[in-house]
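S.K.: There's a structure below that I have some questions on.
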Amino acid sequence: MSCTVSMTVNGKTVSREVEERTLLVAFLREHLGLTGTHVGCDTSQCGACVVHVDGRSVKSCTTLAIQADGATVTTIEGLAAADGTLHPMQAAFREHHGLQCGFCTPGMVMSAVDLVRENPNPTEADIREGLEGNICRCTGYHNIVKAVKAGADAMQGAQAAPVAAE
Amino acid sequence: MANPNGIGASVRRREDQRFLTGRGNYTDDFKRPNMTHAVHVRSPYAHARVLGIDPADALAMPGVVAVLTGADMEADKVGSLPCGWQIHSKDGSPMKEPPHYPLARDRVRYVGDAVAVVIAETREQARDAAEMVVVDYEELPAVGSSTRAIDGAATLVHDDAPGNVCYDWHLGDKAAVDAAFAQAAHVARIDLVNQRLVPNAMEPRAALGEYDASSGEYTLTTTSQNPHVIRLLMGAFVLGIPEHKLRVVAPDVGGGFGSKIFHYGEEAVVTWAARKIGRPVKWTADRSESFLTDAHGRDHVSHAEMAMDADGNFLALRVSTLANMGAYLSTFAPSIPTYLYATLLAGQYKTPAIYAEVKAVFTNTSPVDAYRGAGRPEACYLIERLVDVAAGVMGMDKTEIRRRNFVPADAMPYQTPVALQYDTGDFAKNLDIALPLVDYPGFQQRRAESKARGKLRGIGFATYIEACGIAPSNVAGALGARAGLYECAEVRFHPTGSVTVFTGSHSHGQGHETTFAQIVAERFGVPIENVEIVHGDTNKIPFGMGTYGSRSLAVGGSALVKAMDKVERKAKKIAAHMLEAAETDIEVKDGRFTVAGTDKSLGIGDIALQAYVPHNFPLDELEPGLDEQAFYDPKNFTYPNGCHVCELEIDPDTGVTTIVNFAAVDDFGNVINPLIVEGQVHGGLVQGIGQALYENCVYDEESGQLVTGSYMDYCMPRADDVPSFTVRYHEDQPCTHNPLGVKGCGEAGTIGAAAAVMNAVVDALSDYGITHMDMPATPEKVWRTIRDATPALAAE
Ligand code: FES
Ligand code: FES
């Protein structure tokens with residue numbers, strides 16, 4: 001059985017005819033060609049597939065595309081500013097070497113952004129606990145934790161800046 | 001002025017921009033016009049005869065293009081997956097090397113062994129149809145572990161490997177060791193298991209095969225650490241495709257840790273099938289398939305004994321190890337428990353006599369091969385556990401017994417009794433740097449404080465050495481490698497002064513696009529943005545051996561230096577010609593070529609331009625162009641070494657272990673990029689901690705079923721399971737035989753960490769009289785161990 005699924009992905013409205021069982025991650029990767037979102041497991045454990053649906057982090061490997069019908073979806077491709085400027089969290093991962101092979105990275109960054117949205121001032125323990133749903137085999141997490149802390153500070157700063165200017 | 005992006009600078013990685021914005025190109029990201037999808041039909045039994053395969057129902061499913069079997073491959077004369085290393089047994093006979101077909105023919109030998117492949121328009125259709133392939137199996141008794149394999153009554157995994165033995169090998173001087181034991185004042189003994197692990201790179205393996213009927217060319221895009229090796233093995237041995245008609249591309253690869261070195265059957269299946277059906281074929285493993293079919297690591301059962309004199313000086317070491325090869329020999333499997341393990345059993349100690357016996361056996365489990373460290377973590381774990389037991393036997397401090405037996409720095413180069421010659425290393429210095437980082441003198445007080453809170457505190461040391469930069473081809477050849485292990489590089493200056501480097505090393509997280517460019521920027525003074533590093537494509541790069549065994553910088557980086565030397569020599573000739581000076585008068589510094597004692601000089605950019613638009617070169621002596629290639633074969637292994645210290649606390653009520661401090665001091669020789677080196681150490685440490693505390697690949701002994709086949713059952717270390725680390729390195733002992741003075745840093749963390757953690761766990765439990773515990777020290781196991789060691793509790 002096929003169905004029509006429409007949503008806003010990275011600011012663009014898209015609509016596709018897909019099989020009902022199509023997962024959101026397959027919709028993004030196969031149908032929209034947005035291959036930045038990865039699949040690292042089949043038991044909803046690794047977090048390589050995390051995207052934002054209506055602003056909250058979601059494992060797209062365990063979400064049907066049709067469940068996101070009408071939603072606003074942001075993937076790693078849509079996180080940087082339109083002019084290519086990295087999101088503060090992306091920039092912090094680069095600065096603190098929070099990635100090696102890059103495979104877990106999109107999910108890790110999307111999770112981190114949502115973590116900071118919920119807790120703007122996370123401690124090391126908060127960060128470690130908050131990223132418990134994302135597995136990284138390369139970095140040993142040390143630099144990811146540093147990056148998320150720095151990213152959180154930078155996101156705070158970025159939010160504070162316009163206020164200060166007013 | 002030093003180049004800000006040169007050697008020694010923590011240059012931020014250039015590859016990160018694409019990874020951070022979702023623009024990496026991993027194998028599964030590729031889509032081709034008219035592409036089909038493959039799903040393998042895999043054996044649910046560990047051991048069975050295949051009586052027949054009926055594809056009719058599957059073929060009738062929507063979207064199915066083909067169902068292919070081992071019989072189809074046999075009809076097309078597809079060969080067996082070759083093994084790259086040959087070991088000879090004690091009696092001189094060669095190891096048993098049974099065939100390993102990409103699709104099994106009449107017998108399956110482990111759960112996950114592929115019997116057929118279904119190719120369909122979409123992956124979902126292929127998956128649905130794979131369920132409909134009817135395979136008639138006759139189940140056979142299975143051998144689920146190495147100890148079971150050598151039990152005389154065990155079924156044979158391969159009919160032509162009696163007793164399930166692949167080889168029975170030894171190294172060292174048995175008579176000298178026996179004599180030393182006869183005179184020993186004290187002997188320390190240990191029995192231990194180095195459990196099986198699943199490498200678990202986060203990107204599952206994938207392969208995309210294509211065939212161009214007009215040119216007769218095949219292309220395989222695959223998750224590989226060494227595309228040229230795959231081209232050679234698959235082209236020459238499996239599919240019979242000559243190299244000039246076979247291109248192998250390893251694009252961005254999402255981690256390897258060894259598991260992506262090997263040539264796997266799926267690569268041959270998609271390449272062969274692409275021609276057969278006339279369309280591109282892509283296969284991507286799901287994680288369950290990775291658990292079943294990626295080559296696993298470790299899986300040793302060992303007994304070891306150390307003979308000592310009355311003062312705790314080591315006299316001799318005797319080791320016997322049972323190594324599990326799995327159902328078939330993976331590409332480098334035979335070399336791991338032999339030449340990458342037994343040769344490292346001297347560790348950092350001057351033990352004068354060593355004898356090791358290794359029996360490798362077949363079982364009905366997934367093949368076992370190199371996993372980060374490959375043999376060296378097993379050696380380090382065995383020695384360092386045994387040294388702690390020895391300290392207990394002698395009643396000596398654990399740092400003191402190590403110091404007493406270290407090979408002293410002034411004994412370098414040091415010939416071990418097990419084949420290797422260490423070139424440099426100052427082991428006492430590593431320990432001296434480490435002790436203040438963990439406040440060793442304050443430990444007993446911290447232990448007492450923990451005890452007052454009802455907690456058990458322990459401290460553990462691992463002083464490791466490894467052999468990296470694999471390898472000198474002549475040594476590797478003498479040890480059974482069927483190929484030399486050099487590396488290649490090509491440095492191509494373009495007319496406008498930018499540079500492309502082609503390297504046989506492969507980056508799957510190590511950051512070569514940054515570090516290799518730093519080396520070029522340093523040498524020629526060119527901006528790092530103007531240097532491009534190309535790797536991973538057999539159509540672009542010269543024949544290279546790839547990345548494993550911490551060899552990229554030591555071997556690949558050295559090849560790069562050699563190619564840059566050639567470029568410089570040529571540039572000097574061109575400069576001499578342009579400046580109308582004698583070549584011997586040209587001085588070179590940071591990419592400027594100056595006539596000595598004058599202000600006449602040229603930059604490398606000017607020279608590059610002239611090299612490509614010459615008008616009056618003396619063509620007999622000087623060819624146009626500035627593009628040089630070099631192959632580098634090292635004279636020796638490199639020997640990274642270090643001292644890792646772990647302090648932890650155990651809650652005896654729950655068995656939960658918490659690492660409170662972890663310091664790693666390493667000697668990697670010279671360091672190109674400190675930021676990247678530290679990242680490699682962090683990642684390695686967590687893999688070592690994972691082995692010590694969490695990870696365990698379990699097969700049911702009876703049935704050969706994989707019990708830990710997903711992240712629900714196989715415990716991967718997560719962010720909240722591990723601490724932050726104190727990482728230090730020193731550059732006082734550069735490698736003496738490669739031009740960069742580098743030793744390699746990729747595996748160190750994994751090698752030292754497991755031993756340091758387990759030594760700390762056992763130390764914490766020492767009040768209960770516990771002297772050893774096998775990994776992983778899960779809460780349940782720790783709790784039970786404490787309970788069993790406490791008569792009052794056990795009696796309850
Ligand atoms: S792919 Fe692993 S959690 Fe989604
Ligand atoms: S960077 Fe490789 S898995 Fe995280």
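Chains: A, B, ... in order of the structure tokens. Residues: from 1 per chain. Ligands: from 1, in order shown.
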Neighbouring residues of ligand 1 are defined here as those with any atom at most 12 Å from a ligand atom, counting only C-alpha atoms and all ligand atoms; list them as a PyMOL selection string.
M.R.: (chain A and resi 23-26+37-51+57-64+103-104+106-108+111+132-136) or (chain B and resi 202-204+286-288+710-712)
S.K.: Please list as an MDAnalysis selection string every residue within 6 Å of region 46-51 of chain B, counting only C-alpha atoms and excluding residues in the same chain fewer than 5 positions away.
M.R.: chainID B and resid 106:111 136:140 142 364 704
S.K.: Export all heavy atoms of the chosen residues as a tab-separated table (two decimals), in the first residue's frame?
M.R.:
```
chain	number	residue	atom	x	y	z
B	106	ASP	N	27.90	-26.69	-0.11
B	106	ASP	CA	27.08	-27.79	0.38
B	106	ASP	C	26.98	-27.86	1.89
B	106	ASP	O	26.27	-28.68	2.43
B	106	ASP	CB	27.59	-29.13	-0.17
B	106	ASP	CG	29.10	-29.21	-0.08
B	106	ASP	OD1	29.68	-28.37	0.64
B	106	ASP	OD2	29.69	-30.10	-0.71
B	107	ARG	N	27.73	-26.99	2.56
B	107	ARG	CA	27.69	-27.01	4.02
B	107	ARG	C	27.82	-25.59	4.56
B	107	ARG	O	28.60	-24.82	4.02
B	107	ARG	CB	28.86	-27.86	4.52
B	107	ARG	CG	28.60	-28.53	5.84
B	107	ARG	CD	29.41	-29.80	5.93
B	107	ARG	NE	30.28	-29.75	7.09
B	107	ARG	CZ	31.31	-30.57	7.29
B	107	ARG	NH1	31.63	-31.48	6.38
B	107	ARG	NH2	32.03	-30.47	8.38
B	108	VAL	N	27.08	-25.29	5.60
B	108	VAL	CA	27.24	-24.00	6.27
B	108	VAL	C	27.93	-24.25	7.60
B	108	VAL	O	27.71	-25.29	8.23
B	108	VAL	CB	25.89	-23.29	6.49
B	108	VAL	CG1	25.36	-22.73	5.19
B	108	VAL	CG2	24.88	-24.22	7.13
B	109	ARG	N	28.77	-23.28	8.02
B	109	ARG	CA	29.61	-23.54	9.19
B	109	ARG	C	29.49	-22.51	10.30
B	109	ARG	O	30.19	-22.59	11.29
B	109	ARG	CB	31.06	-23.70	8.76
B	109	ARG	CG	31.27	-24.94	7.92
B	109	ARG	CD	32.73	-25.16	7.58
B	109	ARG	NE	32.93	-26.47	6.97
B	109	ARG	CZ	32.77	-26.73	5.69
B	109	ARG	NH1	32.40	-25.76	4.87
B	109	ARG	NH2	32.97	-27.95	5.22
B	110	TYR	N	28.67	-21.51	10.13
B	110	TYR	CA	28.37	-20.63	11.27
B	110	TYR	C	27.04	-19.93	11.01
B	110	TYR	O	26.60	-19.82	9.86
B	110	TYR	CB	29.50	-19.63	11.55
B	110	TYR	CG	29.72	-18.55	10.50
B	110	TYR	CD1	29.20	-17.27	10.68
B	110	TYR	CD2	30.46	-18.80	9.37
B	110	TYR	CE1	29.42	-16.27	9.75
B	110	TYR	CE2	30.68	-17.81	8.42
B	110	TYR	CZ	30.16	-16.54	8.62
B	110	TYR	OH	30.38	-15.56	7.69
B	111	VAL	N	26.43	-19.48	12.07
B	111	VAL	CA	25.17	-18.77	11.92
B	111	VAL	C	25.47	-17.47	11.19
B	111	VAL	O	26.27	-16.66	11.67
B	111	VAL	CB	24.54	-18.47	13.30
B	111	VAL	CG1	23.26	-17.66	13.14
B	111	VAL	CG2	24.27	-19.76	14.05
B	136	ASP	N	16.85	-26.24	2.28
B	136	ASP	CA	16.68	-27.51	2.98
B	136	ASP	C	17.99	-27.83	3.71
B	136	ASP	O	19.00	-28.14	3.09
B	136	ASP	CB	16.35	-28.59	1.92
B	136	ASP	CG	15.95	-29.90	2.59
B	136	ASP	OD1	15.87	-29.94	3.83
B	136	ASP	OD2	15.75	-30.87	1.85
B	137	TYR	N	17.97	-27.67	5.03
B	137	TYR	CA	19.18	-27.91	5.84
B	137	TYR	C	19.06	-29.23	6.58
B	137	TYR	O	17.98	-29.59	7.06
B	137	TYR	CB	19.33	-26.84	6.92
B	137	TYR	CG	19.61	-25.43	6.44
B	137	TYR	CD1	18.59	-24.47	6.45
B	137	TYR	CD2	20.88	-25.06	6.04
B	137	TYR	CE1	18.84	-23.17	6.04
B	137	TYR	CE2	21.14	-23.75	5.63
B	137	TYR	CZ	20.12	-22.80	5.64
B	137	TYR	OH	20.37	-21.51	5.25
B	138	GLU	N	20.20	-29.91	6.73
B	138	GLU	CA	20.25	-31.03	7.67
B	138	GLU	C	21.22	-30.61	8.76
B	138	GLU	O	22.43	-30.49	8.53
B	138	GLU	CB	20.77	-32.28	6.95
B	138	GLU	CG	20.86	-33.49	7.86
B	138	GLU	CD	21.72	-34.59	7.24
B	138	GLU	OE1	21.66	-34.80	6.00
B	138	GLU	OE2	22.48	-35.21	8.00
B	139	GLU	N	20.68	-30.36	9.93
B	139	GLU	CA	21.49	-29.80	10.99
B	139	GLU	C	22.54	-30.79	11.48
B	139	GLU	O	22.28	-31.99	11.58
B	139	GLU	CB	20.60	-29.35	12.16
B	139	GLU	CG	21.28	-28.32	13.02
B	139	GLU	CD	20.47	-27.90	14.25
B	139	GLU	OE1	19.27	-28.21	14.32
B	139	GLU	OE2	21.07	-27.26	15.13
B	140	LEU	N	23.73	-30.29	11.77
B	140	LEU	CA	24.83	-31.12	12.28
B	140	LEU	C	25.22	-30.61	13.67
B	140	LEU	O	24.97	-29.44	13.99
B	140	LEU	CB	26.05	-31.00	11.34
B	140	LEU	CG	25.85	-31.50	9.91
B	140	LEU	CD1	27.02	-31.08	9.03
B	140	LEU	CD2	25.68	-33.02	9.89
B	142	ALA	N	27.24	-28.85	16.50
B	142	ALA	CA	28.06	-27.65	16.35
B	142	ALA	C	29.16	-27.59	17.39
B	142	ALA	O	29.05	-28.16	18.47
B	142	ALA	CB	27.17	-26.41	16.45
B	364	ASN	N	32.43	-23.44	14.99
B	364	ASN	CA	31.27	-22.99	14.21
B	364	ASN	C	30.83	-21.60	14.68
B	364	ASN	O	29.72	-21.40	15.18
B	364	ASN	CB	30.12	-23.99	14.34
B	364	ASN	CG	30.46	-25.32	13.67
B	364	ASN	OD1	30.56	-26.35	14.33
B	364	ASN	ND2	30.68	-25.28	12.38
B	704	GLY	N	25.96	-23.20	19.04
B	704	GLY	CA	26.68	-22.26	18.19
B	704	GLY	C	25.87	-21.04	17.82
B	704	GLY	O	26.22	-20.31	16.89
```
S.K.: Counting only C-alpha atoms, what are the residues of chain A within 6 Å of chain B, and for each of them which pair of atoms is the nearest and at what distance in Å, to one decimal? Sort the table by chain and rising number, as a Markdown table.
M.R.:
```
| residue | atom | partner | partner_atom | distance |
| --- | --- | --- | --- | --- |
| A:Thr35 | CA | B:Asp29 | CA | 5.7 |
| A:Gly36 | CA | B:Gly22 | CA | 3.7 |
| A:Gly40 | CA | B:Met202 | CA | 5.6 |
| A:Cys41 | CA | B:Arg287 | CA | 4.7 |
| A:Asp42 | CA | B:Arg287 | CA | 5.8 |
| A:Ile76 | CA | B:Gly22 | CA | 5.5 |
| A:Glu77 | CA | B:Thr21 | CA | 5.2 |
| A:Gln100 | CA | B:Gly509 | CA | 4.2 |
| A:Cys101 | CA | B:Gly509 | CA | 3.5 |
| A:Gly102 | CA | B:Phe19 | CA | 5.3 |
| A:Phe103 | CA | B:Gly254 | CA | 5.1 |
| A:Arg128 | CA | B:Asp720 | CA | 4.6 |
| A:Glu129 | CA | B:Asp720 | CA | 5.3 |
| A:Glu132 | CA | B:Ala719 | CA | 5.9 |
| A:Ile135 | CA | B:Arg718 | CA | 5.9 |
| A:Cys138 | CA | B:Gly683 | CA | 5.0 |
| A:Thr139 | CA | B:Gly683 | CA | 4.3 |
| A:Gly140 | CA | B:Gly683 | CA | 4.0 |
| A:Tyr141 | CA | B:Ala719 | CA | 5.7 |
| A:His142 | CA | B:Ser724 | CA | 5.3 |
```
S.K.: Can you tell me, as a list in words, what residues are no more than 8 Å from Pro251 (chain B) when counting only C-alpha atoms, ignoring any on the same chain fewer than 3 positions away?
M.R.: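 The contact residues come out as Asn25, Tyr26, Thr27, Thr221, Thr222, Thr223, Gly536 and Asp537 of chain B.
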S.K.: Determine which residues of region 361-448 of chain B DSSP labels as helix (DSSP H, G or I) from the backbone of this structure, then write them out as a ChimeraX atom specification.
M.R.: /B:376-394,398-405,409-411,427-437,440-448
S.K.: Quick one: everything within 9 Å of Thr365 (chain B), counting only C-alpha atoms, minus sequence neighbours fewer than 4 positions away in the same chain. Send it as a JSON list (two decimals) with N, CA, C and O atoms, in the first residue's frame.
M.R.:
```json
[["chain", "number", "residue", "atom", "x", "y", "z"],
["B", 46, "ALA", "N", 24.38, -23.17, 13.07],
["B", 46, "ALA", "CA", 25.83, -23.02, 13.17],
["B", 46, "ALA", "C", 26.54, -24.04, 12.29],
["B", 46, "ALA", "O", 27.66, -23.81, 11.84],
["B", 109, "ARG", "N", 28.77, -23.28, 8.02],
["B", 109, "ARG", "CA", 29.61, -23.54, 9.19],
["B", 109, "ARG", "C", 29.49, -22.51, 10.30],
["B", 109, "ARG", "O", 30.19, -22.59, 11.29],
["B", 110, "TYR", "N", 28.67, -21.51, 10.13],
["B", 110, "TYR", "CA", 28.37, -20.63, 11.27],
["B", 110, "TYR", "C", 27.04, -19.93, 11.01],
["B", 110, "TYR", "O", 26.60, -19.82, 9.86],
["B", 111, "VAL", "N", 26.43, -19.48, 12.07],
["B", 111, "VAL", "CA", 25.17, -18.77, 11.92],
["B", 111, "VAL", "C", 25.47, -17.47, 11.19],
["B", 111, "VAL", "O", 26.27, -16.66, 11.67],
["B", 143, "VAL", "N", 30.21, -26.87, 17.04],
["B", 143, "VAL", "CA", 31.32, -26.62, 17.96],
["B", 143, "VAL", "C", 31.27, -25.13, 18.28],
["B", 143, "VAL", "O", 31.62, -24.29, 17.46],
["B", 144, "GLY", "N", 30.85, -24.79, 19.50],
["B", 144, "GLY", "CA", 30.57, -23.39, 19.82],
["B", 144, "GLY", "C", 31.69, -22.65, 20.52],
["B", 144, "GLY", "O", 31.57, -21.46, 20.79],
["B", 145, "SER", "N", 32.81, -23.35, 20.82],
["B", 145, "SER", "CA", 33.91, -22.65, 21.49],
["B", 145, "SER", "C", 35.22, -23.36, 21.20],
["B", 145, "SER", "O", 35.24, -24.51, 20.76],
["B", 292, "LEU", "N", 26.75, -10.82, 13.11],
["B", 292, "LEU", "CA", 26.93, -12.21, 12.69],
["B", 292, "LEU", "C", 28.13, -12.41, 11.78],
["B", 292, "LEU", "O", 28.77, -13.46, 11.83],
["B", 324, "ASN", "N", 40.91, -19.07, 18.82],
["B", 324, "ASN", "CA", 39.75, -19.45, 18.02],
["B", 324, "ASN", "C", 39.80, -18.72, 16.67],
["B", 324, "ASN", "O", 39.80, -17.49, 16.64],
["B", 325, "MET", "N", 39.85, -19.48, 15.59],
["B", 325, "MET", "CA", 39.87, -18.88, 14.25],
["B", 325, "MET", "C", 38.47, -18.68, 13.70],
["B", 325, "MET", "O", 38.30, -18.05, 12.67],
["B", 326, "GLY", "N", 37.46, -19.28, 14.35],
["B", 326, "GLY", "CA", 36.12, -19.26, 13.78],
["B", 326, "GLY", "C", 35.98, -20.34, 12.73],
["B", 326, "GLY", "O", 36.75, -21.29, 12.67],
["B", 327, "ALA", "N", 34.97, -20.19, 11.88],
["B", 327, "ALA", "CA", 34.61, -21.26, 10.94],
["B", 327, "ALA", "C", 35.54, -21.33, 9.73],
["B", 327, "ALA", "O", 35.72, -22.40, 9.14],
["B", 328, "TYR", "N", 36.09, -20.21, 9.32],
["B", 328, "TYR", "CA", 36.99, -20.15, 8.16],
["B", 328, "TYR", "C", 38.12, -19.19, 8.50],
["B", 328, "TYR", "O", 38.00, -18.39, 9.42],
["B", 699, "TYR", "N", 28.78, -16.98, 22.29],
["B", 699, "TYR", "CA", 28.10, -18.02, 21.51],
["B", 699, "TYR", "C", 27.64, -19.12, 22.46],
["B", 699, "TYR", "O", 28.35, -19.45, 23.41],
["B", 704, "GLY", "N", 25.96, -23.20, 19.04],
["B", 704, "GLY", "CA", 26.68, -22.26, 18.19],
["B", 704, "GLY", "C", 25.87, -21.04, 17.82],
["B", 704, "GLY", "O", 26.22, -20.31, 16.89],
["B", 705, "GLN", "N", 24.77, -20.79, 18.52],
["B", 705, "GLN", "CA", 23.98, -19.58, 18.25],
["B", 705, "GLN", "C", 24.66, -18.38, 18.90],
["B", 705, "GLN", "O", 25.14, -18.47, 20.03],
["B", 706, "LEU", "N", 24.64, -17.25, 18.18],
["B", 706, "LEU", "CA", 25.18, -16.01, 18.75],
["B", 706, "LEU", "C", 24.17, -15.45, 19.74],
["B", 706, "LEU", "O", 23.05, -15.12, 19.38]]
```
S.K.: Give me the residues near Val727 (chain B) as a ChimeraX atom specification, where near means some atom within 7 Å (using only C-alpha atoms) and where sequence neighbours in that chain fewer than 6 positions away do not count.
M.R.: /B:663-665,678
S.K.: For region 741-746 of chain B, find every residue with an atom within 9 Å (counting only C-alpha atoms), except residues of its own chain fewer than 2 positions away, and show them as a PyMOL selection string.
M.R.: chain B and resi 372-373+467-469+510+548-554+557+637-640+666-672+677-678+680-681+683-684+733-739+748-750
S.K.: Quick check for you: according to DSSP on this backbone, which residues of region 47-224 of chain B are classed as strand (DSSP E or B)? Reply as a ChimeraX atom specification.
M.R.: /B:48-54,64-69,85,88,94,107-108,114-120,134-139,165-172,186-197,206-212,217-222
S.K.: At a cut-off of 8 Å, using only C-alpha atoms, what residues contact region 69-84 of chain B? Leave out same-chain residues fewer than 4 positions from it and give the result as a count of residues only.
M.R.: 28
S.K.: Take CA of Tyr486 (chain B) and CA of His244 (chain B) and report the distance between them in Å, one decimal.
M.R.: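 Pair CA of Tyr486 (chain B) / CA of His244 (chain B) returns 21.2 Å.
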S.K.: Taking only C-alpha atoms and all ligand atoms into account, name the residue in A:His97, A:His31, A:Arg21, A:Arg117 that is nearest to ligand 2.
M.R.: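 Distance minimum relative to ligand 2 lands on A:His97.
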S.K.: Can you measure CA of Ala753 (chain B) to CA of Arg385 (chain B) for me? One decimal in Å is fine.
M.R.: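 Answer for the CA of Ala753 (chain B) to CA of Arg385 (chain B) separation: 12.1 Å.
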S.K.: Could you check how far CA of Val393 (chain B) sits from CA of Glu357 (chain B), in Å to one decimal?
M.R.: 24.4 Å
S.K.: Counting only C-alpha atoms, which residue out of A:Glu118, A:Asp69, A:Glu95, A:Asp83 sits closest to Lys146 (chain A)?
M.R.: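 Ranking A:Glu118, A:Asp69, A:Glu95, A:Asp83 by distance to Lys146 (chain A), first place goes to A:Glu95.
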